[in-house]
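Step one of this worksheet: look at the structure below.
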Protein chains: 2
Amino acid sequence: MYPIESRRHSAAHVMAAAIKHLFPEAKFGVGPVIENGFYYDIDIGRPVTPEDLKAINKEMRKIVNQNPAFTREELPIDDAIKLFRELDQTYKLELLNDLKTKGTTKVSVEESQDIDPQNVGSVTLYRTGDFVDLCRGPHVTEAKEIGAWKLTKIAGAYWRGKETNPQMQRIYGLCFETEKELDEYEAMLVEAEKRDHRKLGQELDLFVIDEKVGKGLPLWTPRGTAVKFALEEFARELERKYGYEHIETPYLGAEELYRTSGHLDHYAHNMYASIDMDGDKFYLRPMACPHHIRMYQRRPWSYKELPIRYAEIADYNRYEKSGELIGMIRVRKFQLTDGHLFVTPEGLKDEFKNVCRMIVEGMNGLGLIDIVSYRFSKRDPNNKEKYYPDDELWDHAESLMREALDELGLPYVEAEDEAAFYGPKLDVQAKNVNGKEDTLFTAQMDFLLPQKFDMEYIDRDGQKKRPVMIHRSTIGSLERVFGFLIEHYAGAFPMWLAPVQIAVLPVADRHVEFAKKLAQELRDLGLRVMVDDSSESVGKKIRAAEKQKFPRMLVVGDREADGGALTVRVHGEKDQQEISKEKFVEETMAFVKSRRA
Amino acid sequence: MYPIESRRHSAAHVMAAAIKHLFPEAKFGVGPVIENGFYYDIDIGRPVTPEDLKAINKEMRKIVNQNPAFTREELPIDDAIKLFRELDQTYKLELLNDLKTKGTTKVSVEESQDIDPQNVGSVTLYRTGDFVDLCRGPHVTEAKEIGAWKLTKIAGAYWRGKETNPQMQRIYGLCFETEKELDEYEAMLVEAEKRDHRKLGQELDLFVIDEKVGKGLPLWTPRGTAVKFALEEFARELERKYGYEHIETPYLGAEELYRTSGHLDHYAHNMYASIDMDGDKFYLRPMACPHHIRMYQRRPWSYKELPIRYAEIADYNRYEKSGELIGMIRVRKFQLTDGHLFVTPEGLKDEFKNVCRMIVEGMNGLGLIDIVSYRFSKRDPNNKEKYYPDDELWDHAESLMREALDELGLPYVEAEDEAAFYGPKLDVQAKNVNGKEDTLFTAQMDFLLPQKFDMEYIDRDGQKKRPVMIHRSTIGSLERVFGFLIEHYAGAFPMWLAPVQIAVLPVADRHVEFAKKLAQELRDLGLRVMVDDSSESVGKKIRAAEKQKFPRMLVVGDREADGGALTVRVHGEKDQQEISKEKFVEETMAFVKSRRA
């Protein structure tokens, strides 16, 4: 079978061939394979319209039905230049001339895939019927083997990514081996768009991104804050259970702190610029480790007192380029459910296992365990610059971590060259609704910072020893995990997390007073309750509450107001059931407390 | 009766006379009245020792017993210069020459009190026995009328406050009308020192100020954080009760936000410098009002929905000079139990009354009501620059606020020229253990920011109207109120606030296991419990727990471990009592819940 890239790149060629049929003057730029498909940059002297797209698709279908072969040719570079001059393909010519004179066709961030930079004396061409293209290959043998494709969208793109160059038209297509895969992918896209946390965040009034406040600096609305508080409580309970002490430290740090830690030497590219006051420099902290280390160092410790475990919902500041910001998932200021452990070397493996157990319990509690996987990130022993140079220490740390993971039976994949500078780490990976994997958070062993800060404890023999440090998070950053949760639950949160847990819906105006009294009773129990006292019909109120994905609705009419049983609707279910207030309260409180979905 | 300042300044003269007797070559600088006493800067060619201080005091006593009169003389300035040249008083001469040539004796931040700047042609002298001094007066008539004094300390001070000038010796003294007042003041100082929150903060391990992390950026230790969480819960419960919605907003703001609000024009001196990134400027926010306004502006509002009440434990950043930092009381980053209300003009008075009720309830709950007073801060109508120029609006706002305060019967004092730029305010003042009054927090009416941000709501008649804004805090900044609480309770917090509520003290090693089990049971109920499993005697453990001011101690020996009643000690009480575990739990939980002291 062909690798999927061959199919996708072949589809790009067929698309170019079709364009050439329809627009003989068309000039071609680059046409690489991308995730799930391909694109080609073309220039037909005017914008490409949706009608053009249909025509191109039809022509592609025709070509594939004729099933031309993909044939490879090798040509000396000067012959290729001659050929493309004859074809009047000015963009390709530019690439070929670059290749000849500079030995590279690197155009911008994305490298041209058309020419094999290993073989500059000659270039390869691929022919498909009457179409010929500069191309490194490989391709499918004949067009019918491409599989299933679909042209999706048109966008403007500057030649070689430079604004001063001509603007070309970039035509995107999807391509999969089978129609079924293509259909599934498209269905997934539709679902992902519905679940997009930015869209739901606005519809359900969960957070606000306001450019006037600042890009990448989201505001948590009352409803979002209710979820945040529930997440904080969840994290802190878990932390208490695992023996952590809570501390609070400032999001600012003096220059010396981040000189000692090495962040200013190794991590400055992710940090905000300094704030200069009276000759002192302050930094918005990118990490809280130095603060937690200084907390540890406020007094001496005995080996009997270790491990010391500090947890904090800590403010982190990392400056991301504005183009890389994504709703709550990628922001410029976030709150990490952070923690640092200071451990004796002998206690390291056991404590790391405890950290892993806690992470699994956390992901389980949030209902994310099914979308989470674990990656054991090691160094590349040959990459001497990227990793702290101490082979023995690395071997020890990596084998300790592997033992811990194996003893727990945690399913993990190993990844070389993905460790932190100072030690190996466990990455908790999560798949978002687009099927893309992202790191939710990590747990890391660190032998270096304890050394840089000259940390110590008094061992059994009265000698000063150096503790090892574990950096870890409980459930990741509240912003990112919130984004994942919104998408995972499509906004229909489990009751314990829901911003509004119960909507009380009076049937008529005369029931509003009772509805408000009932709501207050429920609020006094710690439940989050809203009353829809608008003058809409109860049918409309139910539909609005369904749209807002409130887990429970209490419909309040004459019978209910007269002290009868309550009428309860569950989100997403058509039936309503009658239940006494006492029973409803009892069941609801137990359900919320259970944190079940 | 003499004003206390006359007594204090007379004491300074008598001290100078005594010094002249003991050190005939002594040269005198300035000797002003200060809070609670006086000082004099002198130069005897060497440091003053504690022995010198005793001798000076003895000589002062002798002089007072001789009871010389204070007599006033007026002298043309040239005659005065001649006199002090003869006396070889070089510093005084410098002042006189300045007065003659520049018309001022202003030396540094503190103005010399010796010469009346209104009367430059001649100067006044005061004689006390054989001592003569340049002096504006007034003084007591004779030395015996000075009252009670005591010399307290010696410090170095540069002549005229300039480091390049000679260093003089500054001798400080206290002075009161009666010995009783002096004794009381000294006792208060001793008590205040014992209660100093910086001292107790370290002894009880509540917070850390670490220069390496940054001046004015305290870290909350595990014990401090426990108190902080209790305070946060208290504030949030109160806020929920009064109809606030909780939100969370970032401590950063884009430049435009603080341009619109006017902070960059009027408040920049208190702000940190900007953080410049990719051509954008970010600021650490000095206040959260603009963020709350933008939250309000995320959607339109109807008059029926107002007032909107947002509460947030909000990060504030104000750059204070390092010399002005005081422990937790004056810091460079703090968390304000903040809130902003958006109100219809018709609803303003009622809502302001609600704010006042809430403040009183908060101060009551914390047990601070006795040290708190209220100040109604108005503008000075003649100071056109300092206040937003709209007489009608000011008159309206001030009379509304006065009505609200009067209707509530809140005892307040009025203070002119203490309002905010944009409206009148209620200052919640608190007296610290030194008897000094400080503003704990404020509640302010604001007509200006709603205008600057063009805020609106839809009124009953369908027209767009402008809401009024109230800025207010629930219990002030957590840092400052924590500092006040530490000092107010001398570290012996009410049980609900105590960082450790119960100390379990095993009598012998064999009781440690039971002690830990018991502690865990209590922790599972949400109580904060420590176990002293050191190998010290139980007597020593009790003393240590008393010193740490833990509200309850459970002494665990054989009987307790065998399932008998618990032995409970209350902090500060000698007796212990026996009580069943069930009863102890029940009483303790109820007591914590009641938040009583």
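Chain lettering (A, B, ...) mirrors the order of the structure tokens, residue numbering begins at 1 for each chain separately, and ligand numbering begins at 1 in order of display.
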- Using only C-alpha atoms, determine which residues lie at most 10 Å from B:Ile146, disregarding the query and same-chain residues fewer than 6 positions distant; provide the list as a PyMOL selection string. chain B and resi 2+4+6-11+14+64+139-140+175-178
- Message: Using only C-alpha atoms and a cut-off of 8 Å, which residues of chain B sit close to chain A? Please list them as a ChimeraX atom specification.
- Response: /B:208,210,212-214,217-222,224-226,245-250,252-254,256-257,272-277,282,291,294-295,298,333
Selection from above, N, CA and C atoms, as an mmCIF file, in the first residue's frame, can you write it?
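Contents of out23.cif, freshly written:
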data_model
loop_
_atom_site.group_PDB
_atom_site.id
_atom_site.type_symbol
_atom_site.label_atom_id
_atom_site.label_comp_id
_atom_site.auth_asym_id
_atom_site.auth_seq_id
_atom_site.Cartn_x
_atom_site.Cartn_y
_atom_site.Cartn_z
ATOM 1 N N VAL B 208 6.853 34.787 54.697
ATOM 2 C CA VAL B 208 8.289 34.986 54.521
ATOM 3 C C VAL B 208 8.495 36.194 53.622
ATOM 4 N N ASP B 210 11.433 37.535 51.446
ATOM 5 C CA ASP B 210 12.711 37.013 50.971
ATOM 6 C C ASP B 210 13.240 37.962 49.900
ATOM 7 N N LYS B 212 15.558 37.742 47.957
ATOM 8 C CA LYS B 212 15.937 37.093 46.706
ATOM 9 C C LYS B 212 14.715 36.941 45.784
ATOM 10 N N VAL B 213 13.568 36.695 46.383
ATOM 11 C CA VAL B 213 12.329 36.661 45.590
ATOM 12 C C VAL B 213 11.955 38.084 45.179
ATOM 13 N N GLY B 214 12.146 39.014 46.090
ATOM 14 C CA GLY B 214 11.870 40.411 45.766
ATOM 15 C C GLY B 214 11.305 41.146 46.970
ATOM 16 N N LEU B 217 7.358 41.524 48.245
ATOM 17 C CA LEU B 217 6.634 40.424 47.595
ATOM 18 C C LEU B 217 6.589 39.222 48.539
ATOM 19 N N PRO B 218 5.767 39.280 49.568
ATOM 20 C CA PRO B 218 5.770 38.211 50.574
ATOM 21 C C PRO B 218 5.303 36.864 50.020
ATOM 22 N N LEU B 219 5.793 35.805 50.634
ATOM 23 C CA LEU B 219 5.349 34.443 50.352
ATOM 24 C C LEU B 219 4.509 33.968 51.527
ATOM 25 N N TRP B 220 3.361 33.352 51.227
ATOM 26 C CA TRP B 220 2.511 32.799 52.275
ATOM 27 C C TRP B 220 2.944 31.353 52.529
ATOM 28 N N THR B 221 3.388 31.083 53.743
ATOM 29 C CA THR B 221 3.790 29.721 54.126
ATOM 30 C C THR B 221 2.548 28.829 54.211
ATOM 31 N N PRO B 222 2.738 27.524 54.401
ATOM 32 C CA PRO B 222 1.554 26.661 54.571
ATOM 33 C C PRO B 222 0.617 27.173 55.664
ATOM 34 N N GLY B 224 0.358 30.297 56.892
ATOM 35 C CA GLY B 224 -0.247 31.556 56.449
ATOM 36 C C GLY B 224 -1.324 31.316 55.406
ATOM 37 N N THR B 225 -1.045 30.381 54.512
ATOM 38 C CA THR B 225 -2.015 30.086 53.449
ATOM 39 C C THR B 225 -3.307 29.520 54.027
ATOM 40 N N ALA B 226 -3.192 28.747 55.109
ATOM 41 C CA ALA B 226 -4.407 28.227 55.751
ATOM 42 C C ALA B 226 -5.281 29.387 56.229
ATOM 43 N N GLU B 245 -21.611 38.279 42.173
ATOM 44 C CA GLU B 245 -21.135 37.194 41.326
ATOM 45 C C GLU B 245 -19.612 37.240 41.325
ATOM 46 N N HIS B 246 -18.991 36.070 41.420
ATOM 47 C CA HIS B 246 -17.529 36.032 41.406
ATOM 48 C C HIS B 246 -17.003 35.931 39.984
ATOM 49 N N ILE B 247 -15.985 36.713 39.727
ATOM 50 C CA ILE B 247 -15.319 36.641 38.431
ATOM 51 C C ILE B 247 -13.812 36.580 38.680
ATOM 52 N N GLU B 248 -13.051 36.278 37.621
ATOM 53 C CA GLU B 248 -11.591 36.315 37.741
ATOM 54 C C GLU B 248 -11.028 36.999 36.498
ATOM 55 N N THR B 249 -10.185 37.970 36.730
ATOM 56 C CA THR B 249 -9.638 38.750 35.617
ATOM 57 C C THR B 249 -8.125 38.867 35.784
ATOM 58 N N PRO B 250 -7.407 39.078 34.685
ATOM 59 C CA PRO B 250 -5.941 39.032 34.759
ATOM 60 C C PRO B 250 -5.320 40.270 35.395
ATOM 61 N N LEU B 252 -2.816 41.715 34.356
ATOM 62 C CA LEU B 252 -2.170 42.507 33.316
ATOM 63 C C LEU B 252 -3.238 43.267 32.539
ATOM 64 N N GLY B 253 -2.855 44.379 31.969
ATOM 65 C CA GLY B 253 -3.775 45.124 31.128
ATOM 66 C C GLY B 253 -3.014 45.775 29.987
ATOM 67 N N ALA B 254 -3.649 45.861 28.830
ATOM 68 C CA ALA B 254 -3.020 46.514 27.687
ATOM 69 C C ALA B 254 -3.024 48.028 27.909
ATOM 70 N N GLU B 256 -4.057 50.489 26.142
ATOM 71 C CA GLU B 256 -5.283 51.222 25.805
ATOM 72 C C GLU B 256 -6.274 51.217 26.968
ATOM 73 N N LEU B 257 -6.295 50.107 27.693
ATOM 74 C CA LEU B 257 -7.226 49.975 28.816
ATOM 75 C C LEU B 257 -6.972 51.066 29.857
ATOM 76 N N TYR B 272 3.845 50.115 38.176
ATOM 77 C CA TYR B 272 5.098 49.565 37.673
ATOM 78 C C TYR B 272 5.300 50.062 36.240
ATOM 79 N N ALA B 273 6.536 50.065 35.801
ATOM 80 C CA ALA B 273 6.849 50.436 34.416
ATOM 81 C C ALA B 273 6.201 49.444 33.468
ATOM 82 N N SER B 274 6.047 49.862 32.228
ATOM 83 C CA SER B 274 5.394 49.006 31.234
ATOM 84 C C SER B 274 6.295 47.843 30.838
ATOM 85 N N ILE B 275 5.652 46.795 30.341
ATOM 86 C CA ILE B 275 6.368 45.647 29.785
ATOM 87 C C ILE B 275 6.160 45.741 28.277
ATOM 88 N N ASP B 276 7.232 45.911 27.553
ATOM 89 C CA ASP B 276 7.118 46.156 26.107
ATOM 90 C C ASP B 276 7.385 44.879 25.330
ATOM 91 N N MET B 277 6.392 44.447 24.561
ATOM 92 C CA MET B 277 6.518 43.208 23.799
ATOM 93 C C MET B 277 5.990 43.425 22.389
ATOM 94 N N PHE B 282 2.261 46.282 27.980
ATOM 95 C CA PHE B 282 1.399 45.704 29.011
ATOM 96 C C PHE B 282 1.730 46.367 30.344
ATOM 97 N N HIS B 291 -11.037 46.201 34.261
ATOM 98 C CA HIS B 291 -11.347 44.812 33.907
ATOM 99 C C HIS B 291 -12.809 44.498 34.212
ATOM 100 N N ARG B 294 -15.018 46.088 31.640
ATOM 101 C CA ARG B 294 -15.046 45.342 30.376
ATOM 102 C C ARG B 294 -15.864 44.063 30.520
ATOM 103 N N MET B 295 -15.845 43.460 31.698
ATOM 104 C CA MET B 295 -16.691 42.291 31.924
ATOM 105 C C MET B 295 -18.158 42.684 31.771
ATOM 106 N N ARG B 298 -19.455 43.044 28.222
ATOM 107 C CA ARG B 298 -19.462 41.919 27.284
ATOM 108 C C ARG B 298 -20.834 41.680 26.682
ATOM 109 N N LYS B 333 2.625 44.015 45.893
ATOM 110 C CA LYS B 333 1.651 43.208 45.169
ATOM 111 C C LYS B 333 0.729 42.663 46.234
#
- Task: Identify, on the basis of only C-alpha atoms, every residue whose closest approach to B:Met15 does not exceed 12 Å; exclude the query and any residue fewer than 3 positions from it along the same chain; express the result as an NGL selection string.
- Result: :B and (8-12 or 18-23 or 28 or 31 or 38-42 or 52-64 or 128 or 131 or 133 or 143 or 146 or 149-151 or 170-175)
Output for the residues just chosen: C-alpha atoms as an mmCIF file, in the first residue's frame:
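Once everything was written out, this is again-v2.cif:
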data_model
loop_
_atom_site.group_PDB
_atom_site.id
_atom_site.type_symbol
_atom_site.label_atom_id
_atom_site.label_comp_id
_atom_site.auth_asym_id
_atom_site.auth_seq_id
_atom_site.Cartn_x
_atom_site.Cartn_y
_atom_site.Cartn_z
ATOM 1 C CA ARG B 8 8.520 68.450 73.979
ATOM 2 C CA HIS B 9 10.502 71.279 72.449
ATOM 3 C CA SER B 10 11.439 72.586 75.878
ATOM 4 C CA ALA B 11 12.728 69.137 76.755
ATOM 5 C CA ALA B 12 14.929 69.305 73.648
ATOM 6 C CA ALA B 18 22.783 69.335 79.591
ATOM 7 C CA ILE B 19 24.964 68.276 76.651
ATOM 8 C CA LYS B 20 26.655 71.673 76.658
ATOM 9 C CA HIS B 21 27.475 71.219 80.368
ATOM 10 C CA LEU B 22 28.969 67.785 79.762
ATOM 11 C CA PHE B 23 30.592 68.512 76.366
ATOM 12 C CA PHE B 28 24.192 71.703 67.678
ATOM 13 C CA GLY B 31 16.221 69.771 67.353
ATOM 14 C CA PHE B 38 11.723 65.157 70.301
ATOM 15 C CA TYR B 39 15.268 64.781 69.063
ATOM 16 C CA TYR B 40 18.379 66.918 68.733
ATOM 17 C CA ASP B 41 21.241 66.451 66.265
ATOM 18 C CA ILE B 42 24.558 67.107 67.952
ATOM 19 C CA ASP B 52 26.673 59.342 77.660
ATOM 20 C CA LEU B 53 22.896 59.043 77.418
ATOM 21 C CA LYS B 54 22.663 58.207 81.127
ATOM 22 C CA ALA B 55 24.918 61.128 82.022
ATOM 23 C CA ILE B 56 22.926 63.505 79.833
ATOM 24 C CA ASN B 57 19.709 62.341 81.450
ATOM 25 C CA LYS B 58 21.159 62.876 84.924
ATOM 26 C CA GLU B 59 22.316 66.375 83.986
ATOM 27 C CA MET B 60 18.859 67.180 82.553
ATOM 28 C CA ARG B 61 17.322 66.106 85.867
ATOM 29 C CA LYS B 62 19.710 68.486 87.665
ATOM 30 C CA ILE B 63 18.805 71.381 85.387
ATOM 31 C CA VAL B 64 15.071 70.779 85.784
ATOM 32 C CA THR B 128 17.338 78.454 79.577
ATOM 33 C CA PHE B 131 22.033 77.884 77.439
ATOM 34 C CA ASP B 133 19.372 78.607 71.286
ATOM 35 C CA ALA B 143 11.717 73.850 83.198
ATOM 36 C CA ILE B 146 8.030 70.183 80.947
ATOM 37 C CA TRP B 149 10.547 62.652 79.598
ATOM 38 C CA LYS B 150 12.917 59.837 78.771
ATOM 39 C CA LEU B 151 15.869 59.617 76.402
ATOM 40 C CA ARG B 170 20.701 62.213 66.769
ATOM 41 C CA ILE B 171 19.448 61.716 70.319
ATOM 42 C CA TYR B 172 15.772 60.800 70.628
ATOM 43 C CA GLY B 173 13.547 61.349 73.644
ATOM 44 C CA LEU B 174 9.938 60.730 74.595
ATOM 45 C CA CYS B 175 8.010 63.451 76.379
#
- Item | Residues flagged strand (DSSP E or B) by DSSP in stretch 430-560 of chain B, as JSON, numbers by chain | {"B": [430, 431, 437, 438, 439, 440, 441, 442, 443, 444, 445, 446, 457, 458, 464, 465, 468, 469, 470, 471, 472, 473, 474, 475, 476, 477, 502, 503, 504, 505, 506, 529, 530, 531, 552, 553, 554, 555, 556]}
Kindly save the residues from that selection, with N, CA and C atoms included, as a short mmCIF file (atom, residue, chain, number, x, y, z; two decimals), in the first residue's frame.
data_model
loop_
_atom_site.label_atom_id
_atom_site.label_comp_id
_atom_site.auth_asym_id
_atom_site.auth_seq_id
_atom_site.Cartn_x
_atom_site.Cartn_y
_atom_site.Cartn_z
N ALA B 430 -8.53 51.75 60.49
CA ALA B 430 -8.24 50.83 61.59
C ALA B 430 -7.02 51.32 62.35
N LYS B 431 -7.05 51.17 63.67
CA LYS B 431 -5.92 51.56 64.52
C LYS B 431 -5.04 50.35 64.71
N GLU B 437 -3.48 55.21 63.00
CA GLU B 437 -4.62 54.90 62.16
C GLU B 437 -4.18 54.71 60.72
N ASP B 438 -4.74 53.71 60.09
CA ASP B 438 -4.41 53.42 58.70
C ASP B 438 -5.72 53.13 57.97
N THR B 439 -5.76 53.39 56.66
CA THR B 439 -6.96 53.05 55.91
C THR B 439 -6.91 51.57 55.55
N LEU B 440 -7.92 50.83 56.02
CA LEU B 440 -7.96 49.40 55.73
C LEU B 440 -8.48 49.20 54.31
N PHE B 441 -9.53 49.92 53.96
CA PHE B 441 -10.05 49.90 52.59
C PHE B 441 -11.15 50.94 52.48
N THR B 442 -11.73 51.07 51.30
CA THR B 442 -12.69 52.15 51.06
C THR B 442 -13.89 51.67 50.24
N ALA B 443 -14.93 52.48 50.25
CA ALA B 443 -16.07 52.29 49.35
C ALA B 443 -16.30 53.64 48.68
N GLN B 444 -16.36 53.66 47.35
CA GLN B 444 -16.38 54.92 46.62
C GLN B 444 -17.47 54.95 45.58
N MET B 445 -18.07 56.12 45.42
CA MET B 445 -19.01 56.34 44.32
C MET B 445 -18.25 56.92 43.14
N ASP B 446 -18.60 56.49 41.96
CA ASP B 446 -17.85 56.93 40.78
C ASP B 446 -18.79 57.17 39.60
N TYR B 457 -26.95 51.03 30.02
CA TYR B 457 -27.96 49.99 30.20
C TYR B 457 -29.23 50.53 29.55
N ILE B 458 -30.17 49.63 29.28
CA ILE B 458 -31.43 50.07 28.67
C ILE B 458 -32.44 50.30 29.77
N LYS B 464 -31.10 54.40 26.26
CA LYS B 464 -29.80 54.06 26.83
C LYS B 464 -29.46 55.02 27.95
N LYS B 465 -29.11 54.49 29.10
CA LYS B 465 -28.72 55.33 30.24
C LYS B 465 -27.34 54.90 30.73
N VAL B 468 -24.15 54.13 37.37
CA VAL B 468 -23.14 54.64 38.31
C VAL B 468 -22.37 53.44 38.82
N MET B 469 -21.15 53.69 39.24
CA MET B 469 -20.28 52.61 39.67
C MET B 469 -19.94 52.80 41.15
N ILE B 470 -19.92 51.72 41.89
CA ILE B 470 -19.39 51.76 43.26
C ILE B 470 -18.17 50.85 43.29
N HIS B 471 -17.04 51.41 43.76
CA HIS B 471 -15.85 50.61 44.02
C HIS B 471 -15.86 50.27 45.51
N ARG B 472 -15.62 49.05 45.86
CA ARG B 472 -15.63 48.73 47.29
C ARG B 472 -14.87 47.45 47.56
N SER B 473 -14.50 47.26 48.80
CA SER B 473 -13.84 46.02 49.19
C SER B 473 -14.65 45.37 50.29
N THR B 474 -14.49 44.05 50.42
CA THR B 474 -15.22 43.32 51.45
C THR B 474 -14.49 43.40 52.79
N ILE B 475 -13.22 42.99 52.79
CA ILE B 475 -12.43 43.05 54.03
C ILE B 475 -11.04 43.63 53.75
N GLY B 476 -10.90 44.35 52.63
CA GLY B 476 -9.61 44.95 52.31
C GLY B 476 -8.67 43.97 51.63
N SER B 477 -7.40 44.31 51.61
CA SER B 477 -6.44 43.41 50.98
C SER B 477 -6.14 42.29 51.97
N ILE B 502 -5.87 22.39 65.98
CA ILE B 502 -5.72 21.39 67.03
C ILE B 502 -4.32 20.78 66.95
N ALA B 503 -3.62 20.75 68.08
CA ALA B 503 -2.34 20.05 68.15
C ALA B 503 -2.57 18.77 68.93
N VAL B 504 -2.22 17.65 68.34
CA VAL B 504 -2.33 16.37 69.04
C VAL B 504 -0.96 16.04 69.61
N LEU B 505 -0.91 15.84 70.95
CA LEU B 505 0.37 15.69 71.63
C LEU B 505 0.46 14.32 72.29
N PRO B 506 1.10 13.35 71.63
CA PRO B 506 1.27 12.04 72.24
C PRO B 506 2.22 12.12 73.45
N VAL B 529 -5.00 20.15 61.64
CA VAL B 529 -4.47 19.43 62.80
C VAL B 529 -3.00 19.11 62.60
N MET B 530 -2.19 19.26 63.66
CA MET B 530 -0.81 18.80 63.59
C MET B 530 -0.57 17.79 64.71
N VAL B 531 0.42 16.95 64.49
CA VAL B 531 0.81 15.98 65.52
C VAL B 531 2.25 16.28 65.89
N ARG B 552 -6.37 24.63 70.43
CA ARG B 552 -6.69 23.43 71.23
C ARG B 552 -5.53 22.45 71.19
N MET B 553 -5.34 21.78 72.33
CA MET B 553 -4.36 20.70 72.39
C MET B 553 -5.05 19.44 72.87
N LEU B 554 -4.76 18.32 72.23
CA LEU B 554 -5.27 17.04 72.70
C LEU B 554 -4.08 16.23 73.19
N VAL B 555 -4.03 15.99 74.49
CA VAL B 555 -2.94 15.21 75.06
C VAL B 555 -3.35 13.74 75.00
N VAL B 556 -2.53 12.94 74.34
CA VAL B 556 -2.91 11.55 74.08
C VAL B 556 -1.97 10.60 74.82
#
- Can you tell me, as a PyMOL selection string, what residues are no more than 9 Å from stretch 487-492 of chain B when counting only C-alpha atoms, ignoring any on the same chain fewer than 2 positions away? chain B and resi 192+194-197+200-201+204+367-368+371+432-433+482-485+494-495+498+548-551+571
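Atom CA of A:Lys27 to atom CA of A:Ile44 spans 6.6 Å [interatomic distance, one decimal].
Residues surrounding A:Glu521 within 12 Å are Val504, Phe514, Ala515, Lys516, Gly526, Leu527, Arg528, Val529, Met530, Lys581, Glu582 and Val585 of chain A [only C-alpha atoms; sequence separation below 5 positions excluded].
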- Using DSSP on the backbone coordinates, identify all residues within stretch 318-472 of chain B classified as alpha helix (DSSP H); present the result as a ChimeraX atom specification. /B:348-365,391-408,448-452
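Counting only C-alpha atoms, the residue from A:Val507, A:Leu426, A:Leu525, A:Ile313 that sits nearest to A:Glu233 is A:Ile313.
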- Any idea what's packed within 9 Å of B:Gly347, counting only C-alpha atoms, ignoring anything in its chain fewer than 4 positions away? Could you give it as an MDAnalysis selection string? chainID B and resid 306:307 343 351:352
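Atom CA of B:Glu239 is found 9.6 Å from atom CA of B:Thr337.
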